[in-house]
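Below you'll find the structure, written out as structure tokens, and then a few comments.
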Amino acid sequence: MTAAAERALLDSVPTGLFLAGEWTAASSGGTLDVTDPSTGEVLASIADATPDDARRALDAAVAAQDAWAATAPRVRGEILRKAFELVRERAEDFALLMTLEMGKPLAEARGEVAYGNEFLRWFSEEAVRVTGRFGPNPEGTGTMVVSQRPVGPCYLITPWNFPLAMATRKIAPALAAGCTVVVKPAALTPLTTLLLASVLEEAGVPAGVVNVITTSRSGAVSEPILTDPRLRKLSFTGSTEVGRALLKQAADGVLRVSMELGGNAPFLVFEDADLDKAVEGALLAKFRNIGQACTAANRFIVHASVADEFARRVTERVAAMTVGRGTEDGVQIGPLIDDRAVATSLALVDDAVAKGASVATGGAALDGAGSFVQPTVLTGVQPGSDILSTEIFGPVLAIATFETEEEAIALANATEYGLVSYAFTQDLARGHRLIDRLDTGMMGLNAGVVSNAAAPFGGVKQSGLGREGGLEGIHEYLSTKYTLIPAG
Ligand code: NAD
């Protein structure tokens, strides 16, 4: 990829706020810089919204709501389908943009475009499948009609780690259901959402149906939206800490909420696992997105009889990984999002080592520009190590051991999170026991990646509320209306 091609793409991305179908500067004239985490260089300066701008964004969403809800589901679906086609045409642009602003290797960014775009296709199809039901009431004195209505204007807040997929996973079902939205991407990676907004505009999304605000002051700028009684729904993806604070704010307006929060995924390897498959699954579950995924395997819990062999095989593979700027050929591990993330990962490594773990490979930052951490394997991680209870969000694979199935299940469930669990076993009966007993919203049984637009994504316990994708995803944006029609 040439520097000129990168510049040309960056110059084509809008830098304003997208309000009521217009691209506009922030009312204060303020801007914020977006940087490349692999070099620290500024990629673009974009509008830094004020609370007033946020109000204008909600005004636009409210003004567009009734007409969008009244638009035929087929028409809404066709607009989403058109957006899907346009993202597919511009797949390389979206992939490169994500690599530039977020750091993930280009091959993975292409994977995210394919995955993220599927939400536009899936919900373009679901738009026409929202149904209700009717029937006689038990007393036989009337007919009960149950229908589904769009919930109304929504505020969608997305994180930096999957800039396209986190946006489409919310925007597509909201629009399919007939809701208008204000979207606020993370300040670290807003460019992908701005490009997506321009594609949605081109696909025919009417003015005001999708509005985008970018800001360096998320709390202050979100406040006027969250406290406005015209807002009907908040959908948030991000950390459990911020999610908890937003839930408290949402309580005042009794808002509908969807919360996709943090994870602490266990990755169980049983003595009867196919170790080749377990190693492949482990590398995917851990190192995809440089370990910065809510679904990243956080704790490798391996049967003591196979732990050494499993560690030997993953270490060999991890030690051979290529680290570098995501645009370079063959790079498997890009930078972390910023230097703070580097410090967090390394502090977890240091704590684990102080408590008895060994570093099998990696364990340090890379010198020079950019926020790089060597891909790392830790063995013999001891109970009580912070790395077992904290979301790592970095390329560190931590291995602890177990002796019995009962112990493995107890360890897996010993967390306040419950987003996804991975388990590798060839024993079918054991697989079914794990499906029953692991406290988790999602599970990979002999699989290291589970996400799919056609499947319900979400967690239990403090990993969140609600589901995105699948048949369930659109219902997050619908409310149930019951009507009684007395008999003649
Ligand atoms: P974060 O919570 O710091 O930020 C998420 C979003 O919330 C950003 O847009 C941010 O600007 C905004 N935000 C922060 N404070 C706010 C406030 N007071 N009011 C309104 N908005 C505010 O999370 P992050 O660092 O961007 O993302 C990483 C986290 O996201 C990890 O914990 C990860 O597990 C989680 N995540 C979860 C899922 C999931 O589907 N469960 C998916 C991806 C990421």
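Labels for the structure tokens follow display order: chains A, B, ..., residues from 1 in each chain, ligands from 1.
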
**Message:** Residues near stretch 55-65 of chain A, anyone? I mean within 9 Å using only C-alpha atoms, not counting same-chain ones fewer than 3 positions away, as a ChimeraX atom specification.
**Reply:** /A:17-21,50-52,68-70,152-155,178-182,206-213,221,224-225,228,230-231

Selected residues written out with C-alpha atoms, as a compact mmCIF listing (two decimals), in the first residue's frame:
# COMPACT_ATOMS: atom_id res chain seq x y z
CA LEU A 17 -20.71 15.84 11.82
CA PHE A 18 -23.58 14.26 9.90
CA LEU A 19 -26.73 16.02 11.04
CA ALA A 20 -30.10 15.96 9.27
CA GLY A 21 -28.46 14.81 6.06
CA THR A 50 -20.47 20.10 21.45
CA PRO A 51 -23.50 19.30 23.61
CA ASP A 52 -25.46 21.68 21.34
CA TRP A 68 -39.18 6.49 8.61
CA ALA A 69 -41.49 4.32 10.72
CA ALA A 70 -44.18 4.78 8.06
CA GLY A 152 -38.38 5.34 18.38
CA PRO A 153 -35.21 7.48 18.21
CA CYS A 154 -32.13 5.59 19.42
CA TYR A 155 -28.68 6.60 20.66
CA GLY A 178 -38.12 1.68 11.57
CA CYS A 179 -36.08 3.59 14.16
CA THR A 180 -33.97 6.68 13.52
CA VAL A 181 -30.57 6.95 15.18
CA VAL A 182 -27.80 9.16 16.51
CA PRO A 206 -33.34 9.78 4.13
CA ALA A 207 -32.00 12.88 5.90
CA GLY A 208 -32.19 12.64 9.68
CA VAL A 209 -32.60 8.86 9.83
CA VAL A 210 -28.89 8.38 10.60
CA ASN A 211 -26.96 11.15 12.34
CA VAL A 212 -23.34 10.90 13.45
CA ILE A 213 -21.58 12.90 16.14
CA VAL A 221 -21.82 15.46 24.79
CA PRO A 224 -28.26 16.19 26.51
CA ILE A 225 -29.26 13.18 24.44
CA ASP A 228 -33.99 14.18 26.58
CA ARG A 230 -37.72 12.17 23.24
CA LEU A 231 -34.96 9.53 23.25

**Request:** Quick one: pick out all alpha helix (DSSP H) residues within stretch 416-471 of chain A from a backbone DSSP run and write them as a ChimeraX atom specification.
**Result:** /A:428-437,470-471

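Checking A:Ile337, A:Val242, A:Val450, A:Ala360 one by one against ligand 1, counting only C-alpha atoms and all ligand atoms, you find the shortest gap at A:Val242.
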
**Request:** Using only C-alpha atoms and all ligand atoms, find each residue with an atom at most 9 Å away from ligand 1 and format the answer as a PyMOL selection string.
**Result:** chain A and resi 156-162+166+184-190+214-223+226+236-243+245-246+259-264+292-296+391+393+419+457-459+463-464+467-468

**Request:** Have a look at A:Ala47, A:Ala400, A:Ala285, A:Ala347 and name the one nearest to A:Ala365; count only C-alpha atoms.
**Result:** A:Ala347
